[in-house]
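The next block holds one structure in the form of structure tokens; read it before the comments.
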Amino acid sequence: MSYASEVYDRVVAKNPSEPEFHQAVKEVLNTLSVVIDAHEEEYREMALLERLTEPERIIAFRVPWVDDHGKVQVNKGYRVQFNSAIGPYKGGLRFHPSVNQGILKFLGFEQIFKNSLTGLPIGGGKGGSDFDPKGKSDNEVMHFCQSFMTELCKYIGADQDVPAGDIGVGGREIGYLYGQYKRIKGLYEGVLTGKGLTWGGSLIRTQATGYGLVYILDEMLKQNNNTLAGKNVCISGSGNVAIYACEKCQQLGAKVISLSDSNGYVYDAKGIQLDIVKDIKEVRRGRIKEYVKAVPTAEYTEGRGVWNIKCDIALPCATQNELQLEDAKALVANGCKVVAEGANMPTTIEATDYLQKNNVMFMPGKAANAGGVATSALEMAQNSQRLSWTAQEVDAKLKQIMIDIYAKTADAAKRYNMENNYVAGANIAGFEKVVDAMKAQGIV
Ligand code: NDP
């Protein structure tokens, strides 16, 4: 049995009931087999893969808070500090009822390779809670965030672990979390990213994941003698990543024809009007179906099905495993030629295989959505220098980072004779740097 298969079996046996974590490990180890086989003896001796798949630390804690009716609520909080070989732990906080330890381990594991790909000195981590901010008042969200940070603040710091936003955690939540950290620790430091512009935030951080996704998409198309201009693009989700992916696609001359949320999707053949979406989602915290009230020529459909829309390019930007085998088949049948992942692991392994076998250019989330964490690292750099860069400066750095990620990904795939297999390329390029650091730092 190969070393990679042994380690995968160990992961499954030691972490039962964590299917998303198994899936993320399987995908990485499968595509790394060429590298692992070439260094098997050395890696085995150092138990390198066993260490890589075991988080350095998992913190799990109780989050009690009082709702607007005076009732005590209890949620579960976590921080998974996965790997600090190349820098302090960095990765978002997710507040969503589906959150559990296995989902955060899959996200933290992916984050190791993504952060490495950015070229910046950041290790991998992830955290969150099963708290659902949807339908809660600002007051309730504040009380929850304060309780969550009262415990989390013992384990994080500007040079130790720097959380950011993710699903359910945007500027409002980061504000409440930061306020409580400062109050308890008495430190005004860059302990969180995604902060507001008047208190240490970076310009372009809000847009960074979506913009970065489209920058790498544009670069991939250019390197394959194609262009984004004039293409029809299907996007899922209507949160932070989806909105700014839509904005950048439109700026570069593409037409975005769909957005969705967990209730359903809208199809606008004339092209999504983003000012209306921003008002619904960012101002009123409403549902995507409200779009058709403002644009009666658009159509709203309840449920899944966004990938049945005919498009040239698909950008899944909602959540894990939202693009499944039947969706991949529908996309290919409708002539879709490119998929780039804005969300983390939105495409199942079977769907990814099907797309790649049918010559769909496929850019995985580890590379494609790394612009968010890269810009977070730029926010950390500005905080420690006590400086604020202009939007143009940050945007130019973000764009260059995405172009570099494309080059590293394509180059790694080529070196191992897997040209255009960007899944393998991203995993290999991310892995090489982390493994080099782990080897140098001894058995820790
Ligand atoms: P938001 O909370 O802003 O938006 C999430 C969107 O996805 C919403 O439209 C939400 O719909 C939808 N969604 C969430 N869960 C489901 C589900 N189970 N089924 C269908 N739709 C769902 O999150 P972000 O935009 O920040 O994150 C989206 C994805 O991008 C996640 O995978 C995240 O990990 C990833 N990502 C985010 C980064 C960032 O900087 N924000 C960086 C890198 C990756 P609804 O409102 O109905 O829940």
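Please note that chains go A, B, ... in the order of the structure tokens, that every chain numbers its residues from 1, and that ligands are numbered from 1 in the order shown.
Residues in contact range of Pro121 in chain A, defined as at most 9 Å between only C-alpha atoms, with sequence neighbours fewer than 3 positions away removed, read Ile86, Gly87, Pro88, Asn115, Ser116, Thr118 and Ala377 of chain A.
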* May I have the residues within 7 Å of ligand 1, computed using only C-alpha atoms and all ligand atoms, as a PyMOL selection string? => chain A and resi 165-170+208-209+237-242+260-263+287+317-320+322+342-344+346+369-370+372-373
* To do: Determine, counting only C-alpha atoms, which protein, DNA and RNA residues have an atom within 12 Å of an atom of Met418 in chain A; residues of the same chain fewer than 6 positions away are not included. Present the result as a PyMOL selection string.
  => chain A and resi 31-32+34+356+409-412+424-426+428
* Asked: Could you pull out the strand (DSSP E) residues of range 115-181 of chain A from DSSP and send them as a list in words?
  -> Gly123, Gly124, Gly125, Lys126, Gly127, Gly128, Ser129, Asp161, Val162, Pro163 and Ala164 of chain A
For those residues, write N, CA and C atoms to a file as a PDB file, in the first residue's frame.
```pdb
ATOM      1  N   GLY A 123       0.519  30.760   8.184  1.00  0.00           N
ATOM      2  CA  GLY A 123       0.180  29.353   8.369  1.00  0.00           C
ATOM      3  C   GLY A 123      -1.322  29.144   8.208  1.00  0.00           C
ATOM      4  N   GLY A 124      -1.778  27.895   8.453  1.00  0.00           N
ATOM      5  CA  GLY A 124      -3.187  27.577   8.184  1.00  0.00           C
ATOM      6  C   GLY A 124      -4.015  27.382   9.446  1.00  0.00           C
ATOM      7  N   GLY A 125      -5.187  27.997   9.499  1.00  0.00           N
ATOM      8  CA  GLY A 125      -6.119  27.801  10.609  1.00  0.00           C
ATOM      9  C   GLY A 125      -7.536  28.112  10.160  1.00  0.00           C
ATOM     10  N   LYS A 126      -8.498  27.783  10.979  1.00  0.00           N
ATOM     11  CA  LYS A 126      -9.907  28.108  10.685  1.00  0.00           C
ATOM     12  C   LYS A 126     -10.681  27.982  11.982  1.00  0.00           C
ATOM     13  N   GLY A 127     -11.797  28.688  12.081  1.00  0.00           N
ATOM     14  CA  GLY A 127     -12.588  28.576  13.298  1.00  0.00           C
ATOM     15  C   GLY A 127     -14.024  28.943  13.037  1.00  0.00           C
ATOM     16  N   GLY A 128     -14.809  29.006  14.102  1.00  0.00           N
ATOM     17  CA  GLY A 128     -16.194  29.412  13.925  1.00  0.00           C
ATOM     18  C   GLY A 128     -17.105  28.851  14.983  1.00  0.00           C
ATOM     19  N   SER A 129     -18.389  28.865  14.629  1.00  0.00           N
ATOM     20  CA  SER A 129     -19.409  28.432  15.576  1.00  0.00           C
ATOM     21  C   SER A 129     -20.653  27.989  14.818  1.00  0.00           C
ATOM     22  N   ASP A 161      -2.032  34.019  15.904  1.00  0.00           N
ATOM     23  CA  ASP A 161      -3.162  33.494  15.130  1.00  0.00           C
ATOM     24  C   ASP A 161      -4.053  34.685  14.822  1.00  0.00           C
ATOM     25  N   VAL A 162      -4.333  34.894  13.532  1.00  0.00           N
ATOM     26  CA  VAL A 162      -5.069  36.092  13.102  1.00  0.00           C
ATOM     27  C   VAL A 162      -6.310  35.689  12.297  1.00  0.00           C
ATOM     28  N   PRO A 163      -7.467  35.527  12.965  1.00  0.00           N
ATOM     29  CA  PRO A 163      -8.685  35.155  12.246  1.00  0.00           C
ATOM     30  C   PRO A 163      -9.218  36.274  11.335  1.00  0.00           C
ATOM     31  N   ALA A 164     -10.137  35.893  10.443  1.00  0.00           N
ATOM     32  CA  ALA A 164     -10.787  36.838   9.519  1.00  0.00           C
ATOM     33  C   ALA A 164     -12.246  36.418   9.372  1.00  0.00           C
TER      34      ALA A 164
END
```
* Asked: Looking at only C-alpha atoms, which of A:Gly175, A:Pro16, A:Gly119, A:Gly264 is the one that sits closest to Glu302 in chain A?
  ->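 Among the listed residues, the smallest separation from Glu302 in chain A belongs to A:Gly264.
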* **Members of range 172-271 of chain A assigned helix (DSSP H, G or I) by DSSP, as a ChimeraX atom specification** => /A:172-185,197-199,205-223,240-251
Atoms kept (N, CA and C atoms) for selection, written as a short mmCIF file (atom, residue, chain, number, x, y, z; two decimals), in the first residue's frame:
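Saved to result-v1.cif:
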```cif
data_model
loop_
_atom_site.label_atom_id
_atom_site.label_comp_id
_atom_site.auth_asym_id
_atom_site.auth_seq_id
_atom_site.Cartn_x
_atom_site.Cartn_y
_atom_site.Cartn_z
N ARG A 172 -19.59 43.62 10.25
CA ARG A 172 -20.28 43.84 11.54
C ARG A 172 -19.73 42.91 12.62
N GLU A 173 -19.60 41.64 12.29
CA GLU A 173 -19.13 40.66 13.29
C GLU A 173 -17.67 40.93 13.65
N ILE A 174 -16.83 41.24 12.65
CA ILE A 174 -15.41 41.51 12.94
C ILE A 174 -15.31 42.71 13.88
N GLY A 175 -16.17 43.70 13.69
CA GLY A 175 -16.17 44.88 14.58
C GLY A 175 -16.44 44.50 16.02
N TYR A 176 -17.49 43.72 16.26
CA TYR A 176 -17.83 43.33 17.63
C TYR A 176 -16.72 42.45 18.24
N LEU A 177 -16.16 41.57 17.42
CA LEU A 177 -15.09 40.68 17.92
C LEU A 177 -13.86 41.50 18.28
N TYR A 178 -13.52 42.47 17.44
CA TYR A 178 -12.32 43.28 17.68
C TYR A 178 -12.49 44.13 18.94
N GLY A 179 -13.67 44.72 19.08
CA GLY A 179 -13.94 45.55 20.26
C GLY A 179 -13.74 44.77 21.55
N GLN A 180 -14.21 43.54 21.58
CA GLN A 180 -14.09 42.73 22.79
C GLN A 180 -12.65 42.29 23.03
N TYR A 181 -11.91 41.97 21.96
CA TYR A 181 -10.50 41.58 22.11
C TYR A 181 -9.72 42.73 22.75
N LYS A 182 -9.93 43.92 22.23
CA LYS A 182 -9.22 45.13 22.69
C LYS A 182 -9.54 45.41 24.17
N ARG A 183 -10.82 45.22 24.49
CA ARG A 183 -11.27 45.51 25.86
C ARG A 183 -10.64 44.55 26.86
N ILE A 184 -10.53 43.27 26.49
CA ILE A 184 -9.98 42.29 27.43
C ILE A 184 -8.46 42.35 27.46
N LYS A 185 -7.83 42.40 26.30
CA LYS A 185 -6.37 42.31 26.24
C LYS A 185 -5.68 43.67 26.38
N LEU A 197 -12.38 50.55 7.84
CA LEU A 197 -11.29 51.39 7.34
C LEU A 197 -10.81 52.42 8.37
N THR A 198 -11.67 52.79 9.33
CA THR A 198 -11.25 53.79 10.32
C THR A 198 -10.49 53.15 11.49
N TRP A 199 -10.43 51.84 11.56
CA TRP A 199 -9.76 51.19 12.71
C TRP A 199 -8.86 50.04 12.28
N ARG A 205 -9.98 44.92 0.93
CA ARG A 205 -10.15 43.60 1.58
C ARG A 205 -11.55 43.05 1.32
N THR A 206 -12.57 43.92 1.37
CA THR A 206 -13.94 43.45 1.15
C THR A 206 -14.07 42.82 -0.24
N GLN A 207 -13.44 43.44 -1.21
CA GLN A 207 -13.58 42.98 -2.59
C GLN A 207 -12.61 41.83 -2.93
N ALA A 208 -11.60 41.62 -2.07
CA ALA A 208 -10.41 40.87 -2.50
C ALA A 208 -10.65 39.45 -2.99
N THR A 209 -11.51 38.68 -2.31
CA THR A 209 -11.66 37.28 -2.74
C THR A 209 -12.32 37.22 -4.11
N GLY A 210 -13.39 37.99 -4.29
CA GLY A 210 -14.08 38.00 -5.58
C GLY A 210 -13.21 38.58 -6.69
N TYR A 211 -12.56 39.70 -6.42
CA TYR A 211 -11.69 40.30 -7.43
C TYR A 211 -10.55 39.34 -7.78
N GLY A 212 -9.96 38.75 -6.73
CA GLY A 212 -8.82 37.84 -6.94
C GLY A 212 -9.23 36.65 -7.81
N LEU A 213 -10.42 36.14 -7.55
CA LEU A 213 -10.95 35.02 -8.35
C LEU A 213 -10.98 35.40 -9.83
N VAL A 214 -11.45 36.59 -10.10
CA VAL A 214 -11.59 37.00 -11.50
C VAL A 214 -10.22 37.36 -12.11
N TYR A 215 -9.30 37.87 -11.28
CA TYR A 215 -7.95 38.13 -11.81
C TYR A 215 -7.28 36.84 -12.26
N ILE A 216 -7.41 35.77 -11.44
CA ILE A 216 -6.74 34.52 -11.84
C ILE A 216 -7.48 33.87 -13.01
N LEU A 217 -8.79 34.02 -13.04
CA LEU A 217 -9.58 33.51 -14.16
C LEU A 217 -9.14 34.19 -15.46
N ASP A 218 -9.00 35.50 -15.40
CA ASP A 218 -8.59 36.30 -16.56
C ASP A 218 -7.20 35.87 -17.03
N GLU A 219 -6.29 35.65 -16.06
CA GLU A 219 -4.92 35.24 -16.40
C GLU A 219 -4.93 33.84 -17.05
N MET A 220 -5.72 32.94 -16.48
CA MET A 220 -5.79 31.58 -17.04
C MET A 220 -6.32 31.63 -18.48
N LEU A 221 -7.34 32.47 -18.70
CA LEU A 221 -7.89 32.58 -20.06
C LEU A 221 -6.84 33.16 -21.01
N LYS A 222 -6.15 34.22 -20.54
CA LYS A 222 -5.12 34.85 -21.40
C LYS A 222 -4.05 33.84 -21.78
N GLN A 223 -3.57 33.07 -20.78
CA GLN A 223 -2.50 32.10 -21.04
C GLN A 223 -2.97 30.97 -21.94
N ASN A 240 -20.36 37.80 0.10
CA ASN A 240 -19.19 38.63 -0.15
C ASN A 240 -18.43 38.19 -1.41
N VAL A 241 -18.13 36.92 -1.54
CA VAL A 241 -17.31 36.45 -2.67
C VAL A 241 -18.08 36.62 -3.98
N ALA A 242 -19.35 36.17 -3.99
CA ALA A 242 -20.15 36.23 -5.21
C ALA A 242 -20.33 37.66 -5.72
N ILE A 243 -20.63 38.57 -4.82
CA ILE A 243 -20.91 39.96 -5.22
C ILE A 243 -19.70 40.60 -5.90
N TYR A 244 -18.50 40.39 -5.30
CA TYR A 244 -17.34 41.09 -5.88
C TYR A 244 -16.73 40.32 -7.05
N ALA A 245 -17.02 39.03 -7.16
CA ALA A 245 -16.66 38.31 -8.38
C ALA A 245 -17.52 38.85 -9.52
N CYS A 246 -18.79 39.06 -9.24
CA CYS A 246 -19.72 39.61 -10.23
C CYS A 246 -19.24 41.00 -10.68
N GLU A 247 -18.88 41.83 -9.71
CA GLU A 247 -18.45 43.20 -10.04
C GLU A 247 -17.24 43.20 -10.97
N LYS A 248 -16.23 42.37 -10.64
CA LYS A 248 -15.01 42.37 -11.47
C LYS A 248 -15.27 41.75 -12.84
N CYS A 249 -16.11 40.72 -12.91
CA CYS A 249 -16.46 40.13 -14.22
C CYS A 249 -17.07 41.21 -15.11
N GLN A 250 -17.98 41.98 -14.52
CA GLN A 250 -18.64 43.03 -15.30
C GLN A 250 -17.65 44.09 -15.74
N GLN A 251 -16.73 44.46 -14.85
CA GLN A 251 -15.72 45.47 -15.21
C GLN A 251 -14.85 44.99 -16.37
#
```
* Using only C-alpha atoms, find the one residue out of A:Gly271, A:Gly335, A:Pro296, A:Gly190 that sits nearest to Cys311 in chain A. =>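 Counting only C-alpha atoms, the residue closest to Cys311 in chain A is A:Gly335.
Nearest to Asp159 in chain A of all the residues A:Thr53, A:Phe144, A:Ile349, A:Ile122 is A:Ile122, based on only C-alpha atoms.
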Name all residues at most 7 Å from Val11 in chain A (count only C-alpha atoms; drop same-chain ones fewer than 4 positions away) and give them as a PDB file with N, CA, C and O atoms, in the first residue's frame.
```
ATOM      1  N   VAL A   7      -1.756   6.795   4.980  1.00  0.00           N
ATOM      2  CA  VAL A   7      -2.071   7.992   5.778  1.00  0.00           C
ATOM      3  C   VAL A   7      -3.554   8.339   5.633  1.00  0.00           C
ATOM      4  O   VAL A   7      -4.219   8.688   6.617  1.00  0.00           O
ATOM      5  N   ASN A  15     -10.538   9.871  12.568  1.00  0.00           N
ATOM      6  CA  ASN A  15     -11.459  11.013  12.573  1.00  0.00           C
ATOM      7  C   ASN A  15     -12.813  10.601  12.004  1.00  0.00           C
ATOM      8  O   ASN A  15     -13.242  11.105  10.965  1.00  0.00           O
ATOM      9  N   HIS A  22     -12.168  14.141   5.405  1.00  0.00           N
ATOM     10  CA  HIS A  22     -11.653  13.007   4.618  1.00  0.00           C
ATOM     11  C   HIS A  22     -11.534  13.424   3.148  1.00  0.00           C
ATOM     12  O   HIS A  22     -10.543  13.135   2.485  1.00  0.00           O
TER      13      HIS A  22
END
```
* For Phe109 in chain A, which residue out of A:Phe21, A:Tyr300, A:Phe61, A:Tyr78 is the nearest one, using only C-alpha atoms? ->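 Among the listed residues, the smallest separation from Phe109 in chain A belongs to A:Phe21.
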* Asked: Closest to Ala328 in chain A among A:Leu315, A:Trp307, A:Lys195, A:Val434, using only C-alpha atoms?
  ->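 For Ala328 in chain A, the nearest of the given residues is A:Trp307.
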* Determine the nearest neighbour of Tyr265 in chain A from the options A:Asn225, A:Gln146, A:Asn308, A:Asn100, counting only C-alpha atoms. =>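 Closest to Tyr265 in chain A, using only C-alpha atoms: A:Asn308.
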At a cut-off of 12 Å, using only C-alpha atoms, what residues contact Ala440 in chain A? Leave out same-chain residues fewer than 5 positions from it and give the result as a CSV table (one decimal) with all heavy atoms, in the first residue's frame.
```csv
chain,number,residue,atom,x,y,z
A,46,MET,N,10.1,10.9,8.7
A,46,MET,CA,9.8,12.1,9.5
A,46,MET,C,8.3,12.1,9.8
A,46,MET,O,7.8,13.1,10.4
A,46,MET,CB,10.1,13.3,8.7
A,46,MET,CG,11.6,13.4,8.3
A,46,MET,SD,11.9,15.0,7.6
A,46,MET,CE,12.0,16.1,9.0
A,48,LEU,N,6.0,12.7,8.0
A,48,LEU,CA,5.6,14.0,7.5
A,48,LEU,C,4.1,14.2,7.2
A,48,LEU,O,3.4,15.1,7.6
A,48,LEU,CB,6.4,14.3,6.2
A,48,LEU,CG,6.7,15.8,6.2
A,48,LEU,CD1,8.1,16.1,5.8
A,48,LEU,CD2,5.8,16.5,5.2
A,85,ALA,N,4.0,26.2,10.2
A,85,ALA,CA,5.3,26.0,9.6
A,85,ALA,C,5.8,27.3,9.0
A,85,ALA,O,7.0,27.6,9.1
A,85,ALA,CB,5.4,24.8,8.7
A,86,ILE,N,5.0,28.0,8.2
A,86,ILE,CA,5.5,29.1,7.5
A,86,ILE,C,5.0,30.5,8.0
A,86,ILE,O,5.3,31.5,7.4
A,86,ILE,CB,5.2,29.0,6.0
A,86,ILE,CG1,3.7,29.0,5.7
A,86,ILE,CG2,5.8,27.7,5.4
A,86,ILE,CD1,3.4,29.1,4.2
A,433,LYS,N,6.4,24.2,-0.4
A,433,LYS,CA,7.0,25.2,0.6
A,433,LYS,C,6.8,24.8,2.0
A,433,LYS,O,7.7,25.0,2.9
A,433,LYS,CB,6.3,26.6,0.3
A,433,LYS,CG,6.8,27.7,1.1
A,433,LYS,CD,6.1,29.0,0.7
A,433,LYS,CE,6.4,30.1,1.7
A,433,LYS,NZ,5.6,31.3,1.5
A,434,VAL,N,5.6,24.3,2.3
A,434,VAL,CA,5.3,23.9,3.7
A,434,VAL,C,6.2,22.8,4.2
A,434,VAL,O,6.7,22.8,5.3
A,434,VAL,CB,3.8,23.6,3.8
A,434,VAL,CG1,3.5,23.0,5.2
A,434,VAL,CG2,2.9,24.8,3.5
A,435,VAL,N,6.3,21.8,3.3
A,435,VAL,CA,7.1,20.6,3.6
A,435,VAL,C,8.6,21.0,3.8
A,435,VAL,O,9.3,20.5,4.8
A,435,VAL,CB,7.0,19.6,2.5
A,435,VAL,CG1,8.1,18.6,2.5
A,435,VAL,CG2,5.7,18.9,2.7
```
* Find the distance between CA of Glu56 in chain A and CA of Ile103 in chain A and write it in Å to one decimal. =>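 CA of Ile103 in chain A lies at a distance of 16.4 Å from CA of Glu56 in chain A.
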* Structure fact -> note - CA of Val266 in chain A and CA of Val306 in chain A are separated by 8.1 Å
* **Contacts of Tyr43 in chain A within 12 Å, only C-alpha atoms, excl. fewer than 2 positions in-chain, as number ranges by chain** => A: 3-4, 7, 35-41, 45-52, 435-436, 438-439, 443
* To do: Work out how far CA of Ser384 in chain A is from CA of Thr150 in chain A, in Å to one decimal.
  => 23.7 Å
* To do: Skip Leu355 in chain A itself and residues of its chain fewer than 2 positions away, then list as a list in words all residues within 9 Å of it, counting only C-alpha atoms.
  => Leu325, Ala328, Lys329, Leu331, Val332, Lys337, Val338, Val339, Glu350, Ala351, Thr352, Asp353, Lys357, Asn358, Asn359, Val360, Met361 and Phe362 of chain A
